[in-house]
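Read through the structure below, which is laid out as C-alpha cells, and then see the notes.
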Amino acid sequence: MAGKNVVIMGAAGRDFHNFNCVFRDDPSVRVVAFTATQIPDIADRRYPPDLAGVLYPQGIPIVAESQLEELFKGQKIDEAVFSYSDVSHQYVMEQASRVVALGADFTLLGAAPTMIKSNKPVVAVCAVRTGSGKSQTTRRVAQILKGMGKKPVIVRHPMPYGDLSEQKVQRFATLEDMRLNKCTIEEMEEYEPHIDEGFVVYAGVDYAAILQQAERECDTILWDGGNNDLPFYAPDVHITVVDPHRPGHELTYFPGRINLAMAHVIVINKMDTATPAGIE
C-alpha cells in the first residue's frame, strides 16, 4: 500500500467515523494509526480488520496521543487529522503547532464529507459544549415528533467502550438489550430515558451500517449528539443547544462554534437558573 501516511487524532468516536467516511476505501492514503485521548483504556488496542476494510487486513493500531512524537519518529507521517470534540480553540491550535513542528500537515475535515445523507428526514440535536442539555432537548423533540404522528428512531453519538466488532451496530429497544450489549453506566444513562419513553435507540461504530438498519423501522431519524460534536448525518433540521451558564463558550470551543454557525434552530437552555447577563 503506497501513498500518503495519515494519523487520525481521536477519542474513539468521531475518529472512527471520519475514517469510515473518508479514508477506509481510499488506496491513496495509508492510515498508520489512531491516537486516543479523553476515553480510558482505548489505547493499545486495534481498530479491527472487519471494520477497517480490505485495505487494512491487520486492522489499525490505536495508541495514546501522548505517544504522538514517538509515532512520528518511527515512520514518515504526512498528515494528522484532528477528530475529537469539546476542546477550546486554543487547544486545537496547540495540537496543530505540535503536528506542524513534527513536519506534517494538520487537517480538520469539512462537515459535508463526514455527514451521511439519509433517505429519511433527519433532525439533529447538537450543542456548543458538552453539558449544555442535549439529552432533555432530544427527549422533547422525540415527543413532539411522536405527537405529530411520526415514528422517530434515535441514533446516539458513539460511546464504543467495549469490543468494537461487536459494537458495529447496536439496537436498544428494551432494558434487556442494554444488558445483552454489556452497556456501561454512561451508556445506560443516555439510552434508558429514551427506551422508557418507548423509543428505539441505535448506536455503535459504523454509522452507515447503523443508518441502513435504522431507516427500515422509522420515518424520521433523530440524531442525539455527543459532546459538542457535529452530526454524523446530514440534518434537515439542525438544533443547537447553547448554555447561558457559560456565555462566550459558543464562540471559543471546537466544534461547537460550527454547530452554532450551521444551526437552523438555537435553543437557550437553563434559562430558569441562568443570570440575565448570561442569557443576553
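Just so we're on the same page: first chain in the C-alpha cells is A, next is B, and so on; residues restart at 1 for each chain, and ligands are numbered from 1 in the order they show up.
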Nearby residues (only C-alpha atoms) at most 12 Å from Gly53 of chain A, same-chain spacing under 2 positions excluded, as number ranges by chain | A: 19-21, 23-27, 31, 47-51, 55-60, 206
Generate the output file for the selected residues, N, CA and C atoms, as a PDB file, in the first residue's frame.
```pdb
ATOM      1  N   PHE A  19     -12.704   8.133   9.625  1.00  0.00           N
ATOM      2  CA  PHE A  19     -12.018   7.086   8.864  1.00  0.00           C
ATOM      3  C   PHE A  19     -12.995   6.351   7.957  1.00  0.00           C
ATOM      4  N   ASN A  20     -14.119   5.920   8.515  1.00  0.00           N
ATOM      5  CA  ASN A  20     -15.090   5.147   7.739  1.00  0.00           C
ATOM      6  C   ASN A  20     -15.603   5.944   6.538  1.00  0.00           C
ATOM      7  N   CYS A  21     -15.837   7.233   6.727  1.00  0.00           N
ATOM      8  CA  CYS A  21     -16.430   8.055   5.673  1.00  0.00           C
ATOM      9  C   CYS A  21     -15.416   8.466   4.601  1.00  0.00           C
ATOM     10  N   PHE A  23     -11.570   7.764   4.621  1.00  0.00           N
ATOM     11  CA  PHE A  23     -10.287   7.110   4.366  1.00  0.00           C
ATOM     12  C   PHE A  23     -10.358   5.608   4.106  1.00  0.00           C
ATOM     13  N   ARG A  24     -11.384   4.940   4.576  1.00  0.00           N
ATOM     14  CA  ARG A  24     -11.394   3.471   4.595  1.00  0.00           C
ATOM     15  C   ARG A  24     -11.139   2.851   3.223  1.00  0.00           C
ATOM     16  N   ASP A  25     -11.751   3.397   2.196  1.00  0.00           N
ATOM     17  CA  ASP A  25     -11.670   2.794   0.866  1.00  0.00           C
ATOM     18  C   ASP A  25     -10.786   3.588  -0.093  1.00  0.00           C
ATOM     19  N   ASP A  26      -9.914   4.436   0.449  1.00  0.00           N
ATOM     20  CA  ASP A  26      -9.059   5.282  -0.381  1.00  0.00           C
ATOM     21  C   ASP A  26      -7.657   4.680  -0.468  1.00  0.00           C
ATOM     22  N   PRO A  27      -7.294   4.076  -1.598  1.00  0.00           N
ATOM     23  CA  PRO A  27      -5.975   3.430  -1.696  1.00  0.00           C
ATOM     24  C   PRO A  27      -4.816   4.414  -1.756  1.00  0.00           C
ATOM     25  N   VAL A  31      -3.663   4.959   6.552  1.00  0.00           N
ATOM     26  CA  VAL A  31      -3.841   5.400   7.934  1.00  0.00           C
ATOM     27  C   VAL A  31      -2.944   4.539   8.815  1.00  0.00           C
ATOM     28  N   TYR A  47      -8.169  -0.949  15.813  1.00  0.00           N
ATOM     29  CA  TYR A  47      -9.414  -0.856  15.065  1.00  0.00           C
ATOM     30  C   TYR A  47      -9.458  -2.121  14.221  1.00  0.00           C
ATOM     31  N   PRO A  48     -10.453  -2.989  14.424  1.00  0.00           N
ATOM     32  CA  PRO A  48     -10.371  -4.354  13.893  1.00  0.00           C
ATOM     33  C   PRO A  48     -10.506  -4.419  12.371  1.00  0.00           C
ATOM     34  N   PRO A  49      -9.937  -5.475  11.762  1.00  0.00           N
ATOM     35  CA  PRO A  49      -9.967  -5.602  10.296  1.00  0.00           C
ATOM     36  C   PRO A  49     -11.369  -5.593   9.707  1.00  0.00           C
ATOM     37  N   ASP A  50     -12.345  -6.190  10.387  1.00  0.00           N
ATOM     38  CA  ASP A  50     -13.695  -6.246   9.820  1.00  0.00           C
ATOM     39  C   ASP A  50     -14.347  -4.870   9.758  1.00  0.00           C
ATOM     40  N   LEU A  51     -13.865  -3.926  10.546  1.00  0.00           N
ATOM     41  CA  LEU A  51     -14.347  -2.544  10.464  1.00  0.00           C
ATOM     42  C   LEU A  51     -13.441  -1.685   9.588  1.00  0.00           C
ATOM     43  N   LEU A  55      -8.416  -2.811   2.779  1.00  0.00           N
ATOM     44  CA  LEU A  55      -7.083  -2.209   2.687  1.00  0.00           C
ATOM     45  C   LEU A  55      -6.278  -2.380   3.969  1.00  0.00           C
ATOM     46  N   TYR A  56      -6.926  -2.835   5.029  1.00  0.00           N
ATOM     47  CA  TYR A  56      -6.269  -2.947   6.339  1.00  0.00           C
ATOM     48  C   TYR A  56      -6.524  -4.337   6.931  1.00  0.00           C
ATOM     49  N   PRO A  57      -5.939  -5.384   6.336  1.00  0.00           N
ATOM     50  CA  PRO A  57      -6.207  -6.749   6.804  1.00  0.00           C
ATOM     51  C   PRO A  57      -5.728  -7.019   8.228  1.00  0.00           C
ATOM     52  N   GLN A  58      -4.828  -6.199   8.731  1.00  0.00           N
ATOM     53  CA  GLN A  58      -4.359  -6.350  10.111  1.00  0.00           C
ATOM     54  C   GLN A  58      -5.037  -5.369  11.059  1.00  0.00           C
ATOM     55  N   GLY A  59      -5.986  -4.604  10.550  1.00  0.00           N
ATOM     56  CA  GLY A  59      -6.579  -3.559  11.361  1.00  0.00           C
ATOM     57  C   GLY A  59      -5.639  -2.371  11.486  1.00  0.00           C
ATOM     58  N   ILE A  60      -5.948  -1.467  12.405  1.00  0.00           N
ATOM     59  CA  ILE A  60      -5.155  -0.248  12.589  1.00  0.00           C
ATOM     60  C   ILE A  60      -4.877  -0.069  14.073  1.00  0.00           C
ATOM     61  N   ASP A 206     -20.070   1.833  13.135  1.00  0.00           N
ATOM     62  CA  ASP A 206     -20.202   2.067  11.693  1.00  0.00           C
ATOM     63  C   ASP A 206     -21.559   2.726  11.435  1.00  0.00           C
TER      64      ASP A 206
END
```
Pick out the residues sitting within 8 Å of Arg129 of chain A, and hand them over as a JSON list (two decimals) with N, CA and C atoms, in the first residue's frame; count only C-alpha atoms, and ignore anything fewer than 6 positions along from it in its own chain.
```json
[["chain", "number", "residue", "atom", "x", "y", "z"],
["A", 86, "ASP", "N", -15.19, 19.01, 21.80],
["A", 86, "ASP", "CA", -15.30, 19.71, 23.08],
["A", 86, "ASP", "C", -13.94, 20.13, 23.63],
["A", 227, "ASN", "N", -21.03, 15.22, 23.28],
["A", 227, "ASN", "CA", -20.15, 16.38, 23.48],
["A", 227, "ASN", "C", -20.73, 17.58, 22.74],
["A", 228, "ASN", "N", -19.88, 18.26, 21.98],
["A", 228, "ASN", "CA", -20.37, 19.35, 21.13],
["A", 228, "ASN", "C", -20.05, 19.02, 19.67],
["A", 242, "VAL", "N", -27.43, 26.00, 23.41],
["A", 242, "VAL", "CA", -26.39, 26.85, 23.99],
["A", 242, "VAL", "C", -26.62, 26.98, 25.49],
["A", 243, "ASP", "N", -25.56, 27.31, 26.21],
["A", 243, "ASP", "CA", -25.58, 27.26, 27.67],
["A", 243, "ASP", "C", -25.30, 28.64, 28.26],
["A", 249, "HIS", "N", -18.60, 30.60, 25.44],
["A", 249, "HIS", "CA", -18.04, 29.32, 25.02],
["A", 249, "HIS", "C", -18.55, 28.90, 23.65],
["A", 250, "GLU", "N", -19.73, 29.41, 23.26],
["A", 250, "GLU", "CA", -20.27, 29.06, 21.95],
["A", 250, "GLU", "C", -19.40, 29.61, 20.82],
["A", 253, "TYR", "N", -15.10, 27.30, 21.42],
["A", 253, "TYR", "CA", -14.87, 25.86, 21.55],
["A", 253, "TYR", "C", -15.15, 25.15, 20.22],
["A", 256, "GLY", "N", -18.11, 23.23, 18.59],
["A", 256, "GLY", "CA", -19.38, 23.83, 18.97],
["A", 256, "GLY", "C", -19.73, 25.08, 18.19]]
```
So which bits of segment 128-256 of chain A end up strand (DSSP E or B) when you DSSP the backbone, as a VMD selection string?
-> chain A and resid 152 to 156 169 to 172 201 to 204 220 to 224 233 237 to 242 253 to 254
Go ahead and write the residues just picked, C-alpha atoms, as an mmCIF file, in the first residue's frame.
```
data_model
loop_
_atom_site.group_PDB
_atom_site.id
_atom_site.type_symbol
_atom_site.label_atom_id
_atom_site.label_comp_id
_atom_site.auth_asym_id
_atom_site.auth_seq_id
_atom_site.Cartn_x
_atom_site.Cartn_y
_atom_site.Cartn_z
ATOM 1 C CA PRO A 152 -38.676 8.518 15.028
ATOM 2 C CA VAL A 153 -35.704 6.310 15.761
ATOM 3 C CA ILE A 154 -32.958 7.870 17.888
ATOM 4 C CA VAL A 155 -29.360 7.425 16.784
ATOM 5 C CA ARG A 156 -26.879 8.255 19.508
ATOM 6 C CA VAL A 169 -24.360 -1.796 15.017
ATOM 7 C CA GLN A 170 -26.247 -1.745 18.317
ATOM 8 C CA ARG A 171 -30.016 -1.571 18.693
ATOM 9 C CA PHE A 172 -31.720 -0.912 22.024
ATOM 10 C CA VAL A 201 -32.101 3.753 20.134
ATOM 11 C CA TYR A 202 -29.212 2.872 17.823
ATOM 12 C CA ALA A 203 -25.512 3.412 18.451
ATOM 13 C CA GLY A 204 -22.230 1.735 17.590
ATOM 14 C CA THR A 220 -37.624 10.129 10.904
ATOM 15 C CA ILE A 221 -34.033 9.911 12.158
ATOM 16 C CA LEU A 222 -33.375 11.838 15.371
ATOM 17 C CA TRP A 223 -29.656 12.393 15.922
ATOM 18 C CA ASP A 224 -28.749 12.582 19.624
ATOM 19 C CA TYR A 233 -25.972 12.509 9.360
ATOM 20 C CA VAL A 237 -33.301 20.441 10.882
ATOM 21 C CA HIS A 238 -30.160 21.229 12.881
ATOM 22 C CA ILE A 239 -30.896 22.196 16.503
ATOM 23 C CA THR A 240 -28.032 23.607 18.577
ATOM 24 C CA VAL A 241 -28.313 23.988 22.356
ATOM 25 C CA VAL A 242 -26.393 26.852 23.990
ATOM 26 C CA TYR A 253 -14.872 25.858 21.548
ATOM 27 C CA PHE A 254 -14.428 23.354 18.735
#
```
So which residues touch Gly110 of chain A within 12 Å, counting only C-alpha atoms, skipping near sequence neighbours fewer than 5 positions away, as a ChimeraX atom specification?
-> /A:18,21-22,81-83,115,230,232,255,258
Among segment 67-235 of chain A, which ones does DSSP place in helix (DSSP H, G or I), written as an MDAnalysis selection string?
-> chainID A and resid 67:74 89:101 112:114 134:147 175:180 185:196 207:215
Residues from the last selection, C-alpha atoms, saved as a short mmCIF file (atom, residue, chain, number, x, y, z; two decimals), in the first residue's frame:
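To be explicit, this is the file written out as result_31.cif:
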```
data_model
loop_
_atom_site.label_atom_id
_atom_site.label_comp_id
_atom_site.auth_asym_id
_atom_site.auth_seq_id
_atom_site.Cartn_x
_atom_site.Cartn_y
_atom_site.Cartn_z
CA GLN A 67 2.93 8.93 22.09
CA LEU A 68 2.42 11.10 19.00
CA GLU A 69 6.05 12.19 18.86
CA GLU A 70 7.24 8.57 19.11
CA LEU A 71 4.87 7.64 16.28
CA PHE A 72 6.44 10.31 14.07
CA LYS A 73 9.93 9.08 14.90
CA GLY A 74 9.03 5.55 13.89
CA HIS A 89 -9.81 26.77 20.01
CA GLN A 90 -6.57 27.37 21.93
CA TYR A 91 -6.19 23.62 22.45
CA VAL A 92 -6.82 22.84 18.78
CA MET A 93 -4.05 25.21 17.73
CA GLU A 94 -1.72 23.79 20.36
CA GLN A 95 -2.17 20.38 18.74
CA ALA A 96 -1.76 21.94 15.29
CA SER A 97 1.52 23.52 16.36
CA ARG A 98 2.67 20.20 17.77
CA VAL A 99 1.97 18.40 14.49
CA VAL A 100 3.39 21.09 12.19
CA ALA A 101 6.58 21.16 14.27
CA ALA A 112 -20.08 17.73 4.35
CA PRO A 113 -17.75 14.76 3.67
CA THR A 114 -18.49 13.29 7.09
CA LYS A 134 -28.83 17.95 24.59
CA SER A 135 -30.39 14.89 26.25
CA GLN A 136 -33.56 16.54 27.57
CA THR A 137 -33.83 18.53 24.34
CA THR A 138 -33.65 15.31 22.30
CA ARG A 139 -36.32 13.72 24.51
CA ARG A 140 -38.59 16.75 24.00
CA VAL A 141 -38.06 16.68 20.23
CA ALA A 142 -38.84 12.93 20.19
CA GLN A 143 -42.14 13.58 21.99
CA ILE A 144 -43.01 16.41 19.58
CA LEU A 145 -42.34 14.15 16.59
CA LYS A 146 -44.42 11.38 18.16
CA GLY A 147 -47.24 13.87 18.77
CA LEU A 175 -33.59 -2.55 29.12
CA GLU A 176 -32.61 -6.18 28.50
CA ASP A 177 -30.95 -5.07 25.25
CA MET A 178 -28.61 -2.89 27.28
CA ARG A 179 -27.67 -5.82 29.49
CA LEU A 180 -27.05 -8.08 26.49
CA ILE A 185 -23.23 3.10 33.23
CA GLU A 186 -22.52 6.07 30.95
CA GLU A 187 -24.29 4.38 28.04
CA MET A 188 -27.24 3.32 30.18
CA GLU A 189 -27.70 6.89 31.40
CA GLU A 190 -28.04 8.03 27.79
CA TYR A 191 -30.19 5.19 26.39
CA GLU A 192 -32.54 4.32 29.25
CA PRO A 193 -34.66 7.53 29.25
CA HIS A 194 -35.36 7.10 25.53
CA ILE A 195 -36.25 3.42 25.96
CA ASP A 196 -38.52 4.23 28.92
CA TYR A 207 -22.81 4.78 11.23
CA ALA A 208 -23.51 3.99 7.57
CA ALA A 209 -24.49 0.45 8.57
CA ILE A 210 -26.46 1.81 11.53
CA LEU A 211 -28.37 4.18 9.26
CA GLN A 212 -29.30 1.43 6.81
CA GLN A 213 -30.83 -0.61 9.61
CA ALA A 214 -32.49 2.31 11.41
CA GLU A 215 -34.15 3.59 8.24
#
```
Straight-line distance linking atom CA of Lys270 of chain A with atom CA of His245 of chain A, stated in Å to one decimal = 7.8 Å
Who sits within 10 Å of Asp219 of chain A, only C-alpha atoms, same chain under 5 positions skipped, as a ChimeraX atom specification | /A:119-122,149-153,214
Nearby residues (only C-alpha atoms) at most 8 Å from Gln167 of chain A, same-chain spacing under 4 positions excluded, as a PyMOL selection string = chain A and resi 160+162-163+204-205
Measuring atom to atom with only C-alpha atoms, identify which of A:Ser165, A:Asn269, A:Thr174, A:Ser118 is nearest to Val200 of chain A.
-> A:Thr174
For Pro276 of chain A, the closest of A:Pro231, A:Pro244, A:Arg257, A:Ala173 counting only C-alpha atoms is A:Pro244
Go through A:Pro235, A:Ala277, A:Asp105, A:Phe16 one by one, measure the shortest atom-to-atom distance of each to Val265 of chain A using only C-alpha atoms, and give the residue with the smallest value.
->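 Among the listed residues, the smallest separation from Val265 of chain A belongs to A:Pro235.
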Spatial neighbours of Ala12 of chain A, max dist 12 Å, only C-alpha atoms, sep filter under 3 positions, as a VMD selection string = chain A and resid 8 to 9 15 to 19 34 to 43 45 to 47 62 to 65 83 to 85 157 to 164 204 to 206
Point-to-point distance from atom CA of Glu217 of chain A to atom CA of Val267 of chain A, Å rounded to tenths =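 Computed distance, atom CA of Glu217 of chain A to atom CA of Val267 of chain A, equals 28.6 Å.
Nearest to Glu79 of chain A of all the residues A:Lys182, A:Arg246, A:Lys4, A:His264 is A:Lys4, based on only C-alpha atoms.
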Atomic separation - atom CA of Cys183 of chain A relative to atom CA of Cys218 of chain A, Å =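 Computing the Euclidean distance for atom CA of Cys218 of chain A and atom CA of Cys183 of chain A yields 23.7 Å.
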